Amino acid sequence: MLTDVHCHLTAPELLQCLSEVIKSSIESGLRFLVTSGLGYEDCLRALEISDYKFIYPSLGIAPYDLEGYEEVFSLIERERDRIVAVGEVGLDFWRGGRGEWDLQRKVFEEFIELAKSLDIPIVVHSRSAGKYAIEMLLKHQVNRVIMHAFDGRASYALKAAERGFMFSVPPSIARSPQKQRLVKVLSLDNMLLESDAPVLAPILNEVNYPKNVKVSAEWISRLKEVSFEKVVERTYHNAVELFEIRV
Ligand SMILES: [Zn+2]
């Protein structure tokens with residue numbers, strides 16, 4: 001019953017061997033995954049490869065590459081009934097400078113309002129900007145939120161979790177004391193499994209695959225001192241409920 005709520009099957013590393021990636025995911029016990037489009041063309045590909053049995057699409061754009069975001073915006077409005085989430089969208093203060101960050105904020109706010117008006121979850125990228133992203137989301141009073149691969153402080157995460165925000169845990173938890181701390185303070189009720197494949201592998205610089213959500217689940221099990229099965233079951237139900245996936 002493993003789930004991967006955030007990956008990029010349309011990234012070249014995975015797309016070129018897509019049938020093998022899907023096969024190995026199913027063999028590893030994955031029930032379904034959500035692939036995130038990044039930018040207009042990639043979003044179209046995400047829609048194209050989605051089968052609504054195993055692969056579900058989420059449409060967004062990288063905050064550090066916002067060219068053509070208006071097209072992504074209208075695509076989301078048009079395809080509302082074919083997608084399970086808006087995202088990933090968000091803030092990335094790790095790259096760029098102040099001028100770009102202002103644009104990032106403006107666009108992020110538009111996507112937050114869009115997700116809110118469509119009543120659909122929003123998957124949030126918040127690299128080096130966790131605090132700002134959470135403040136903005138709270139201000140706009142959205143509650144169907146997934147903070148993906150959150151790299152901010154545990155205290156901010158807790159504040160957001162109180163409002164029902166979900167946190168998806170990537171396999172890079174194996175090499176990230178910050179993510180291990182985060183899992184320790186959060187409740188299983190607020191957790192999901194993600195791979196973010198092809199990036200965030202358990203081993204730095206290796207290509208990541210959806211099947212590695214197993215590594216996330218193993219770490220959560222160890223840190224929370226609950227069985228692996230319970231982690232898998234709980235995160236599965238959290239995902240089904242949040243995305244309203246019919247199983
Ligand atoms: Zn991603």
# chains A, B, ... in the order shown; residues from 1 in each chain; ligands from 1
>>> residues_near_ligand(ligand="ligand 1", cutoff="8 Å", atoms="only C-alpha atoms and all ligand atoms", output="list in words")
His6, Cys7, His8, Ser36, Glu88, His125, His148, Asp196, Ala197 and Val199 of chain A
>>> write_last_selection(atoms="N, CA and C atoms", output="PDB file, in the first residue's frame")
ATOM      1  N   HIS A   6       4.432  12.628  -4.763  1.00  0.00           N
ATOM      2  CA  HIS A   6       5.115  13.664  -5.541  1.00  0.00           C
ATOM      3  C   HIS A   6       6.361  13.121  -6.238  1.00  0.00           C
ATOM      4  N   CYS A   7       6.267  13.016  -7.570  1.00  0.00           N
ATOM      5  CA  CYS A   7       7.442  12.639  -8.352  1.00  0.00           C
ATOM      6  C   CYS A   7       7.313  13.272  -9.734  1.00  0.00           C
ATOM      7  N   HIS A   8       8.339  13.096 -10.542  1.00  0.00           N
ATOM      8  CA  HIS A   8       8.357  13.708 -11.878  1.00  0.00           C
ATOM      9  C   HIS A   8       8.643  12.636 -12.923  1.00  0.00           C
ATOM     10  N   SER A  36       4.137  15.254 -11.010  1.00  0.00           N
ATOM     11  CA  SER A  36       3.979  16.709 -11.077  1.00  0.00           C
ATOM     12  C   SER A  36       4.597  17.278 -12.340  1.00  0.00           C
ATOM     13  N   GLU A  88       3.922  21.109  -8.490  1.00  0.00           N
ATOM     14  CA  GLU A  88       4.357  21.946  -7.417  1.00  0.00           C
ATOM     15  C   GLU A  88       4.491  23.394  -7.854  1.00  0.00           C
ATOM     16  N   HIS A 125       6.507  23.805  -3.044  1.00  0.00           N
ATOM     17  CA  HIS A 125       7.968  23.793  -3.031  1.00  0.00           C
ATOM     18  C   HIS A 125       8.383  25.036  -2.242  1.00  0.00           C
ATOM     19  N   HIS A 148       6.051  19.908   0.351  1.00  0.00           N
ATOM     20  CA  HIS A 148       6.864  18.792  -0.136  1.00  0.00           C
ATOM     21  C   HIS A 148       8.336  19.030   0.182  1.00  0.00           C
ATOM     22  N   ASP A 196       9.948  12.426  -5.018  1.00  0.00           N
ATOM     23  CA  ASP A 196      10.504  13.546  -5.795  1.00  0.00           C
ATOM     24  C   ASP A 196      11.469  13.034  -6.866  1.00  0.00           C
ATOM     25  N   ALA A 197      11.319  11.753  -7.250  1.00  0.00           N
ATOM     26  CA  ALA A 197      12.157  11.197  -8.307  1.00  0.00           C
ATOM     27  C   ALA A 197      12.034  12.082  -9.543  1.00  0.00           C
ATOM     28  N   VAL A 199      15.000  13.256  -8.388  1.00  0.00           N
ATOM     29  CA  VAL A 199      15.946  13.821  -7.410  1.00  0.00           C
ATOM     30  C   VAL A 199      15.614  13.325  -6.000  1.00  0.00           C
TER      31      VAL A 199
END
>>> closest_residue(among="A:Val142, A:Ala129, A:Val123, A:Leu66", to="Lys106 (chain A)", atoms="only C-alpha atoms")
A:Leu66
>>> select_by_dssp(residues="region 69-148 of chain A", states="helix (DSSP H, G or I)", output="ChimeraX atom specification")
/A:69-78,80-82,98-118,130-139
>>> select_by_dssp(residues="region 34-140 of chain A", states="strand (DSSP E)", output="list in words")
Val34, Thr35, Ser36, Gly37, Leu38, Ile55, Tyr56, Pro57, Ser58, Leu59, Gly60, Ala85, Val86, Gly87, Glu88, Val89, Gly90, Leu91, Asp92, Ile122, Val123, Val124, His125, Ser126 and Arg127 of chain A
>>> residues_around(residues="Ser28 (chain A)", least_positions_apart="2", cutoff="12 Å", atoms="only C-alpha atoms", output="PyMOL selection string")
chain A and resi 1-4+21-26+30-32+209-215
>>> write_last_selection(atoms="C-alpha atoms", output="short mmCIF file (atom, residue, chain, number, x, y, z; two decimals), in the first residue's frame")
data_model
loop_
_atom_site.label_atom_id
_atom_site.label_comp_id
_atom_site.auth_asym_id
_atom_site.auth_seq_id
_atom_site.Cartn_x
_atom_site.Cartn_y
_atom_site.Cartn_z
CA MET A 1 0.00 0.00 0.00
CA LEU A 2 2.93 2.37 -0.59
CA THR A 3 2.15 5.72 -2.19
CA ASP A 4 4.24 8.39 -3.85
CA VAL A 21 9.89 2.55 -13.76
CA ILE A 22 6.17 1.77 -13.53
CA LYS A 23 6.81 -1.97 -13.42
CA SER A 24 9.37 -1.69 -10.62
CA SER A 25 7.08 0.67 -8.69
CA ILE A 26 4.20 -1.80 -8.83
CA LEU A 30 3.17 1.05 -4.76
CA ARG A 31 -0.59 1.52 -5.12
CA PHE A 32 -0.52 4.85 -6.90
CA TYR A 209 12.86 6.23 -8.30
CA PRO A 210 9.32 6.13 -6.86
CA LYS A 211 10.02 2.71 -5.28
CA ASN A 212 12.37 4.52 -2.85
CA VAL A 213 9.37 5.83 -0.89
CA LYS A 214 10.01 2.59 1.00
CA VAL A 215 13.15 4.25 2.42
#
>>> residues_around(residues="Ser176 (chain A)", least_positions_apart="5", cutoff="12 Å", atoms="only C-alpha atoms", output="ChimeraX atom specification")
/A:149-151,169-171,181-183,200-204,216,219
>>> residues_around(residues="Val86 (chain A)", least_positions_apart="2", cutoff="9 Å", atoms="only C-alpha atoms", output="ChimeraX atom specification")
/A:36,58-60,76,83-84,88-89,111-112,114-115,120-124
>>> write_last_selection(atoms="N, CA and C atoms", output="compact mmCIF listing (two decimals), in the first residue's frame")
# COMPACT_ATOMS: atom_id res chain seq x y z
N SER A 36 4.14 15.25 -11.01
CA SER A 36 3.98 16.71 -11.08
C SER A 36 4.60 17.28 -12.34
N SER A 58 -0.60 16.19 -11.38
CA SER A 58 -0.67 17.45 -10.65
C SER A 58 0.09 18.44 -11.53
N LEU A 59 -0.45 19.66 -11.68
CA LEU A 59 0.16 20.59 -12.63
C LEU A 59 0.72 21.83 -11.94
N GLY A 60 1.98 22.16 -12.27
CA GLY A 60 2.60 23.33 -11.65
C GLY A 60 3.75 23.88 -12.46
N ILE A 76 -4.57 24.61 -15.82
CA ILE A 76 -5.13 24.07 -14.57
C ILE A 76 -6.64 24.35 -14.51
N ILE A 83 -7.20 16.59 -12.90
CA ILE A 83 -6.00 16.66 -12.05
C ILE A 83 -6.35 16.48 -10.58
N VAL A 84 -5.35 16.04 -9.79
CA VAL A 84 -5.63 15.83 -8.36
C VAL A 84 -5.06 16.94 -7.49
N GLU A 88 3.92 21.11 -8.49
CA GLU A 88 4.36 21.95 -7.42
C GLU A 88 4.49 23.39 -7.85
N VAL A 89 4.18 24.28 -6.92
CA VAL A 89 4.36 25.72 -7.09
C VAL A 89 4.95 26.20 -5.77
N PHE A 111 -1.40 31.27 -7.55
CA PHE A 111 -1.67 29.82 -7.55
C PHE A 111 -2.39 29.38 -6.27
N ILE A 112 -2.07 30.01 -5.16
CA ILE A 112 -2.77 29.68 -3.91
C ILE A 112 -4.26 29.98 -4.07
N LEU A 114 -5.90 30.21 -6.79
CA LEU A 114 -6.47 29.31 -7.79
C LEU A 114 -6.85 27.97 -7.14
N ALA A 115 -5.91 27.40 -6.38
CA ALA A 115 -6.18 26.12 -5.72
C ALA A 115 -7.37 26.25 -4.77
N ILE A 120 -8.94 22.34 -4.50
CA ILE A 120 -8.06 21.23 -4.86
C ILE A 120 -6.77 21.42 -4.03
N PRO A 121 -6.11 20.31 -3.64
CA PRO A 121 -4.88 20.48 -2.84
C PRO A 121 -3.78 21.21 -3.61
N ILE A 122 -2.90 21.85 -2.87
CA ILE A 122 -1.75 22.53 -3.46
C ILE A 122 -0.46 21.90 -2.92
N VAL A 123 0.44 21.54 -3.85
CA VAL A 123 1.72 20.93 -3.49
C VAL A 123 2.78 22.03 -3.53
N VAL A 124 3.43 22.25 -2.39
CA VAL A 124 4.27 23.44 -2.25
C VAL A 124 5.76 23.13 -2.16
>>> closest_residue(among="A:Val207, A:Ala239, A:Leu75, A:Leu137", to="Pro12 (chain A)", atoms="only C-alpha atoms")
A:Val207
>>> residues_around(residues="Tyr132 (chain A)", least_positions_apart="2", cutoff="12 Å", atoms="only C-alpha atoms", output="PyMOL selection string")
chain A and resi 90-93+101-102+104-105+108-109+124-130+134-139+152-153+156-157+160
>>> closest_residue(among="A:Glu20, A:Phe73, A:Asp81, A:Arg95", to="Glu113 (chain A)", atoms="only C-alpha atoms")
A:Phe73
>>> decode(residues="region 85-178 of chain A", atoms="C-alpha atoms", output="PDB file, in the first residue's frame")
ATOM      1  CA  ALA A  85      -3.630  18.893  -7.277  1.00  0.00           C
ATOM      2  CA  VAL A  86      -2.065  22.201  -8.192  1.00  0.00           C
ATOM      3  CA  GLY A  87       1.718  21.967  -7.936  1.00  0.00           C
ATOM      4  CA  GLU A  88       4.357  21.946  -7.417  1.00  0.00           C
ATOM      5  CA  VAL A  89       4.363  25.715  -7.088  1.00  0.00           C
ATOM      6  CA  GLY A  90       5.923  27.893  -4.418  1.00  0.00           C
ATOM      7  CA  LEU A  91       8.989  29.831  -3.434  1.00  0.00           C
ATOM      8  CA  ASP A  92      12.695  29.133  -3.912  1.00  0.00           C
ATOM      9  CA  PHE A  93      14.905  31.627  -2.134  1.00  0.00           C
ATOM     10  CA  TRP A  94      17.906  29.365  -2.539  1.00  0.00           C
ATOM     11  CA  ARG A  95      18.266  30.689  -6.084  1.00  0.00           C
ATOM     12  CA  GLY A  96      17.977  34.144  -7.577  1.00  0.00           C
ATOM     13  CA  GLY A  97      17.848  37.503  -5.828  1.00  0.00           C
ATOM     14  CA  ARG A  98      15.326  39.900  -4.373  1.00  0.00           C
ATOM     15  CA  GLY A  99      13.836  41.024  -7.698  1.00  0.00           C
ATOM     16  CA  GLU A 100      13.023  37.450  -8.649  1.00  0.00           C
ATOM     17  CA  TRP A 101      11.666  36.672  -5.193  1.00  0.00           C
ATOM     18  CA  ASP A 102       9.036  39.400  -5.563  1.00  0.00           C
ATOM     19  CA  LEU A 103       7.820  37.796  -8.775  1.00  0.00           C
ATOM     20  CA  GLN A 104       7.861  34.383  -7.067  1.00  0.00           C
ATOM     21  CA  ARG A 105       5.654  35.717  -4.267  1.00  0.00           C
ATOM     22  CA  LYS A 106       3.190  37.294  -6.686  1.00  0.00           C
ATOM     23  CA  VAL A 107       2.850  34.142  -8.791  1.00  0.00           C
ATOM     24  CA  PHE A 108       2.644  31.877  -5.737  1.00  0.00           C
ATOM     25  CA  GLU A 109      -0.213  33.968  -4.345  1.00  0.00           C
ATOM     26  CA  GLU A 110      -2.071  33.598  -7.626  1.00  0.00           C
ATOM     27  CA  PHE A 111      -1.670  29.823  -7.554  1.00  0.00           C
ATOM     28  CA  ILE A 112      -2.768  29.676  -3.911  1.00  0.00           C
ATOM     29  CA  GLU A 113      -5.945  31.554  -4.778  1.00  0.00           C
ATOM     30  CA  LEU A 114      -6.467  29.306  -7.791  1.00  0.00           C
ATOM     31  CA  ALA A 115      -6.182  26.118  -5.715  1.00  0.00           C
ATOM     32  CA  LYS A 116      -8.523  27.616  -3.163  1.00  0.00           C
ATOM     33  CA  SER A 117     -11.153  28.592  -5.711  1.00  0.00           C
ATOM     34  CA  LEU A 118     -10.965  25.185  -7.413  1.00  0.00           C
ATOM     35  CA  ASP A 119     -11.033  23.427  -4.030  1.00  0.00           C
ATOM     36  CA  ILE A 120      -8.060  21.231  -4.856  1.00  0.00           C
ATOM     37  CA  PRO A 121      -4.881  20.478  -2.844  1.00  0.00           C
ATOM     38  CA  ILE A 122      -1.752  22.532  -3.462  1.00  0.00           C
ATOM     39  CA  VAL A 123       1.724  20.927  -3.485  1.00  0.00           C
ATOM     40  CA  VAL A 124       4.269  23.439  -2.252  1.00  0.00           C
ATOM     41  CA  HIS A 125       7.968  23.793  -3.031  1.00  0.00           C
ATOM     42  CA  SER A 126       9.594  26.041  -0.424  1.00  0.00           C
ATOM     43  CA  ARG A 127      13.367  25.703  -0.666  1.00  0.00           C
ATOM     44  CA  SER A 128      15.042  28.058   1.831  1.00  0.00           C
ATOM     45  CA  ALA A 129      11.651  29.773   2.104  1.00  0.00           C
ATOM     46  CA  GLY A 130       9.621  27.489   4.376  1.00  0.00           C
ATOM     47  CA  LYS A 131       8.699  30.229   6.804  1.00  0.00           C
ATOM     48  CA  TYR A 132       7.544  32.628   4.072  1.00  0.00           C
ATOM     49  CA  ALA A 133       5.590  29.972   2.203  1.00  0.00           C
ATOM     50  CA  ILE A 134       3.758  28.890   5.354  1.00  0.00           C
ATOM     51  CA  GLU A 135       2.966  32.503   6.312  1.00  0.00           C
ATOM     52  CA  MET A 136       1.504  33.134   2.888  1.00  0.00           C
ATOM     53  CA  LEU A 137      -0.576  29.955   2.894  1.00  0.00           C
ATOM     54  CA  LEU A 138      -1.931  30.717   6.360  1.00  0.00           C
ATOM     55  CA  LYS A 139      -2.770  34.266   5.324  1.00  0.00           C
ATOM     56  CA  HIS A 140      -4.808  32.957   2.396  1.00  0.00           C
ATOM     57  CA  GLN A 141      -6.512  30.417   4.634  1.00  0.00           C
ATOM     58  CA  VAL A 142      -6.007  27.367   2.501  1.00  0.00           C
ATOM     59  CA  ASN A 143      -6.071  24.046   4.280  1.00  0.00           C
ATOM     60  CA  ARG A 144      -5.542  21.374   1.639  1.00  0.00           C
ATOM     61  CA  VAL A 145      -1.770  21.795   1.552  1.00  0.00           C
ATOM     62  CA  ILE A 146       1.199  19.484   1.022  1.00  0.00           C
ATOM     63  CA  MET A 147       4.561  20.925   1.978  1.00  0.00           C
ATOM     64  CA  HIS A 148       6.864  18.792  -0.136  1.00  0.00           C
ATOM     65  CA  ALA A 149      10.447  18.056   0.995  1.00  0.00           C
ATOM     66  CA  PHE A 150      10.127  20.819   3.590  1.00  0.00           C
ATOM     67  CA  ASP A 151      13.570  22.154   4.547  1.00  0.00           C
ATOM     68  CA  GLY A 152      12.513  24.714   7.157  1.00  0.00           C
ATOM     69  CA  ARG A 153      12.339  24.724  10.911  1.00  0.00           C
ATOM     70  CA  ALA A 154      10.355  22.130  12.793  1.00  0.00           C
ATOM     71  CA  SER A 155       8.638  24.902  14.792  1.00  0.00           C
ATOM     72  CA  TYR A 156       7.117  26.354  11.599  1.00  0.00           C
ATOM     73  CA  ALA A 157       6.102  22.930  10.434  1.00  0.00           C
ATOM     74  CA  LEU A 158       4.268  22.350  13.705  1.00  0.00           C
ATOM     75  CA  LYS A 159       2.378  25.623  13.363  1.00  0.00           C
ATOM     76  CA  ALA A 160       1.264  24.561   9.883  1.00  0.00           C
ATOM     77  CA  ALA A 161       0.442  21.012  10.970  1.00  0.00           C
ATOM     78  CA  GLU A 162      -1.946  22.447  13.556  1.00  0.00           C
ATOM     79  CA  ARG A 163      -3.886  23.870  10.627  1.00  0.00           C
ATOM     80  CA  GLY A 164      -3.964  20.505   8.896  1.00  0.00           C
ATOM     81  CA  PHE A 165      -1.068  20.973   6.476  1.00  0.00           C
ATOM     82  CA  MET A 166       0.525  17.741   5.282  1.00  0.00           C
ATOM     83  CA  PHE A 167       4.259  17.084   4.936  1.00  0.00           C
ATOM     84  CA  SER A 168       5.566  14.615   2.382  1.00  0.00           C
ATOM     85  CA  VAL A 169       8.795  12.899   3.341  1.00  0.00           C
ATOM     86  CA  PRO A 170      11.371  12.127   0.621  1.00  0.00           C
ATOM     87  CA  PRO A 171      13.976   9.300   0.632  1.00  0.00           C
ATOM     88  CA  SER A 172      16.718  11.891   1.169  1.00  0.00           C
ATOM     89  CA  ILE A 173      15.671  11.727   4.835  1.00  0.00           C
ATOM     90  CA  ALA A 174      18.355   9.005   4.970  1.00  0.00           C
ATOM     91  CA  ARG A 175      21.017  11.719   4.721  1.00  0.00           C
ATOM     92  CA  SER A 176      19.204  14.727   6.224  1.00  0.00           C
ATOM     93  CA  PRO A 177      19.245  15.357   9.984  1.00  0.00           C
ATOM     94  CA  GLN A 178      16.791  18.248   9.369  1.00  0.00           C
TER      95      GLN A 178
END
